[in-house]
Protein chains: 2
Amino acid sequence: MSILDNTNQYIVAPDISAAKLSRPVEAVDHNGRKTVIKVVEERPLTIFLNGREIVTVMTIGDYPEYLALGFLRNQGMLKDSETVIRVDHDEELECVVVRTDSQTNYEEKLKKKTRTSGCAVGTVFGDMMEGLESKSLPDMKLSVSDLYALSSTINRTPSLYLEAGAIHGTVLCRGARPLAFMEDVGRHNAVDKIAGWMFQENISADDKILYTTGRLTSEMVIKTALIGIPALVSRSGFTAWGVEIAREVGLTLVGRLRGKRFVCLSGEERLLRDADPGSVPDERPKNIGKGAQ
Amino acid sequence: MSILDNTNQYIVAPDISAAKLSRPVEAVDHNGRKTVIKVVEERPLTIFLNGREIVTVMTIGDYPEYLALGFLRNQGMLKDSETVIRVDHDEELECVVVRTDSQTNYEEKLKKKTRTSGCAVGTVFGDMMEGLESKSLPDMKLSVSDLYALSSTINRTPSLYLEAGAIHGTVLCRGARPLAFMEDVGRHNAVDKIAGWMFQENISADDKILYTTGRLTSEMVIKTALIGIPALVSRSGFTAWGVEIAREVGLTLVGRLRGKRFVCLSGEERLLRDADPGSVPDERPKNIGKGAQ
């Protein structure tokens, strides 16, 4: 039995009571009155692969192991063929060390990076695009009634966003069910944590939908396609290049999903229009001022 | 006469008619109807310093020279003491080359980076913090009536955000007057462009306010303090570390400025409460769905 069969609830969801993820901060409001606001944390985390320092990311601090695994996967530094032997998180030193059974691929990649010196798309981004050409995203139906249900459920899920704002959420879903909900100060971190969780738990990407509160930029589209998820949905806007890449790789891209409204920018053929938008209430503006912008 | 004396208008503002900054994208809406949406561009720009490749950023593409200069300044790679001889932008190769009269500082920095290999805060971030301890931000009064006026003016300024959404704006202001308005897909780029413009035009930071639509994260606070601007204002939220650093360096930090509402998180002593919040109308939600999140 897979962990996906166990429950109708989220398998992973924000732990809003975790003391380390937010703290009260004193402020003075527009009336000159002292007030205390719950504010999300932001801390550095340095990711190592087999003893080599790769990057320092700014993160809220939960699920550091998933973040490290997902980052390395999404950067193409950790392949399907490699076996992860250990992932160690040192809280005091603020680092995660991922150890694999082989250093070959990574060493090759380092050499390649050193060689790259031309103009145009740089090394990091160039590496990210790598592997996209050969990617074929699975056939899957994305029903509009599920989209509406997901949006409604996710918006009402207790989250650090609702508690403290200034944070992005990304949710891995199957049909109308949200499975894993990750939050972070950067939307890319939230996607990396989802990827790390899927890698660790061996979750298939084939029948999944990725929902995010963040914008659909090229990097978000590339990460989703590299994970192999066929549909990416957001309540926010999008960039022209994000749309272009989604069309090239055949990813279904839905933006500006709020209340009954949305636009489908790519992969319309996966959409199953089984809901009457007229029956969906418009979303009420809420938490104004908490925006994770 | 300084360029600041010339006019009451913006000196630099978004060029929303520039064909290269946005394009129409076909989409299908929630009713299944075809629609065309104006969407912002996103393209890579590789920054070189004296022949060395430094970074590739994803940008909307305007003001590449300011972006390059500001990025290098804000990363501490370009010091006050250095003379910039030339800045060349090659549109086809998507790169900017900044040439200075000396390579010494940068070469030292590169050596230092190679040595850094410990855990905790990594090289890029460590370098950014560098120079903050010695920074002393100027005394200055920030009147609440100016804040309200700025917020109202900026929100009504024609911008790519109002046109196409999914973009961040950052505005350099003095008193109630917005001077330079930069937009970009990443909020850090918008701040870097402001810094590059100030550097190029030799604009003092002492009496300025930096307004941003984006969140007040540690990086935004550090960049503002390094530029030497004493006040940072946002319509969005903030992170705990952003607040902490602002307090350490004595930066006035105002968040969640919408309509009459705001919270002051640091440097309250600079605030001049000369306006009655009761006389300011609440902001109406607008452009819902265009959020640059």
# chains A, B, ... in the order shown; residues from 1 in each chain; ligands from 1
>>> select_by_dssp(residues="region 35-170 of chain A", states="helix (DSSP H, G or I)", output="ChimeraX atom specification")
/A:64-74,104-115,123-129,144-156,160-164
>>> residues_around(residues="Lys260 (chain B)", least_positions_apart="3", cutoff="7 Å", atoms="only C-alpha atoms", output="JSON, numbers by chain")
{"A": [30], "B": [277, 280, 281, 282]}
>>> atom_distance(atom1="CA of Gly61 (chain B)", atom2="CA of Leu257 (chain A)")
27.2 Å
>>> atom_distance(atom1="CA of Leu232 (chain B)", atom2="CA of Arg215 (chain B)")
10.7 Å
>>> select_by_dssp(residues="region 69-267 of chain A", states="strand (DSSP E or B)", output="JSON, numbers by chain")
{"A": [84, 85, 86, 87, 88, 89, 90, 95, 96, 97, 98, 99, 100, 142, 143, 168, 169, 170, 171, 172, 173, 174, 177, 178, 179, 180, 181, 182, 183, 184, 209, 210, 211, 212, 216, 231, 232, 233, 234, 238, 239, 252, 253, 254, 255, 256, 257, 258, 261, 262, 263, 264, 265, 266]}
>>> closest_residue(among="B:Ala18, B:Val28, B:Val12, B:Val249", to="Val263 (chain A)", atoms="only C-alpha atoms")
B:Val28
>>> residues_around(residues="Tyr10 (chain B)", least_positions_apart="4", cutoff="8 Å", atoms="only C-alpha atoms", output="ChimeraX atom specification")
/B:178-181
>>> atom_distance(atom1="CA of Ala164 (chain B)", atom2="CA of Val39 (chain B)")
5.1 Å
>>> residues_around(residues="Phe71 (chain B)", least_positions_apart="3", cutoff="12 Å", atoms="only C-alpha atoms", output="PyMOL selection string")
chain B and resi 45-49+54-57+64-68+74-79+96+98+128+188-197+199+223+226-227
>>> closest_residue(among="B:Glu201, B:Asp15, B:Glu42, B:Asp101", to="chain A", atoms="only C-alpha atoms")
B:Glu42
>>> closest_residue(among="A:Val171, A:Val36, A:Ile222, A:Ile209", to="chain B", atoms="only C-alpha atoms")
A:Val36
>>> closest_residue(among="B:Thr213, B:Ser136, B:Gln9, B:Ser279", to="Ala246 (chain B)", atoms="only C-alpha atoms")
B:Ser136
>>> closest_residue(among="B:Lys135, B:Arg73, B:Arg177, B:Arg43", to="chain A", atoms="only C-alpha atoms")
B:Arg43
>>> residues_around(residues="Thr153 (chain B)", least_positions_apart="3", cutoff="9 Å", atoms="only C-alpha atoms", output="PyMOL selection string")
chain B and resi 148-150+156-157+176-178
>>> write_last_selection(atoms="N, CA, C and O atoms", output="mmCIF file, in the first residue's frame")
data_model
loop_
_atom_site.group_PDB
_atom_site.id
_atom_site.type_symbol
_atom_site.label_atom_id
_atom_site.label_comp_id
_atom_site.auth_asym_id
_atom_site.auth_seq_id
_atom_site.Cartn_x
_atom_site.Cartn_y
_atom_site.Cartn_z
ATOM 1 N N TYR B 148 1.695 58.475 2.437
ATOM 2 C CA TYR B 148 0.365 58.318 1.843
ATOM 3 C C TYR B 148 0.335 58.870 0.414
ATOM 4 O O TYR B 148 -0.247 58.269 -0.488
ATOM 5 N N ALA B 149 0.967 60.011 0.217
ATOM 6 C CA ALA B 149 0.985 60.620 -1.121
ATOM 7 C C ALA B 149 1.741 59.730 -2.113
ATOM 8 O O ALA B 149 1.296 59.505 -3.244
ATOM 9 N N LEU B 150 2.889 59.213 -1.667
ATOM 10 C CA LEU B 150 3.685 58.341 -2.539
ATOM 11 C C LEU B 150 2.896 57.100 -2.937
ATOM 12 O O LEU B 150 2.845 56.719 -4.110
ATOM 13 N N ARG B 156 -1.148 54.751 -8.997
ATOM 14 C CA ARG B 156 -1.868 55.226 -10.178
ATOM 15 C C ARG B 156 -0.948 55.477 -11.369
ATOM 16 O O ARG B 156 -1.406 55.876 -12.436
ATOM 17 N N THR B 157 0.361 55.287 -11.178
ATOM 18 C CA THR B 157 1.307 55.497 -12.283
ATOM 19 C C THR B 157 1.166 54.380 -13.321
ATOM 20 O O THR B 157 1.174 53.203 -12.958
ATOM 21 N N ALA B 176 7.540 63.630 -0.981
ATOM 22 C CA ALA B 176 6.337 63.065 -1.592
ATOM 23 C C ALA B 176 6.528 62.795 -3.072
ATOM 24 O O ALA B 176 5.591 62.433 -3.773
ATOM 25 N N ARG B 177 7.764 62.994 -3.567
ATOM 26 C CA ARG B 177 7.982 62.880 -5.006
ATOM 27 C C ARG B 177 8.694 61.589 -5.414
ATOM 28 O O ARG B 177 9.829 61.335 -4.999
ATOM 29 N N PRO B 178 8.064 60.783 -6.262
ATOM 30 C CA PRO B 178 8.760 59.613 -6.808
ATOM 31 C C PRO B 178 9.696 60.063 -7.928
ATOM 32 O O PRO B 178 9.282 60.796 -8.820
#
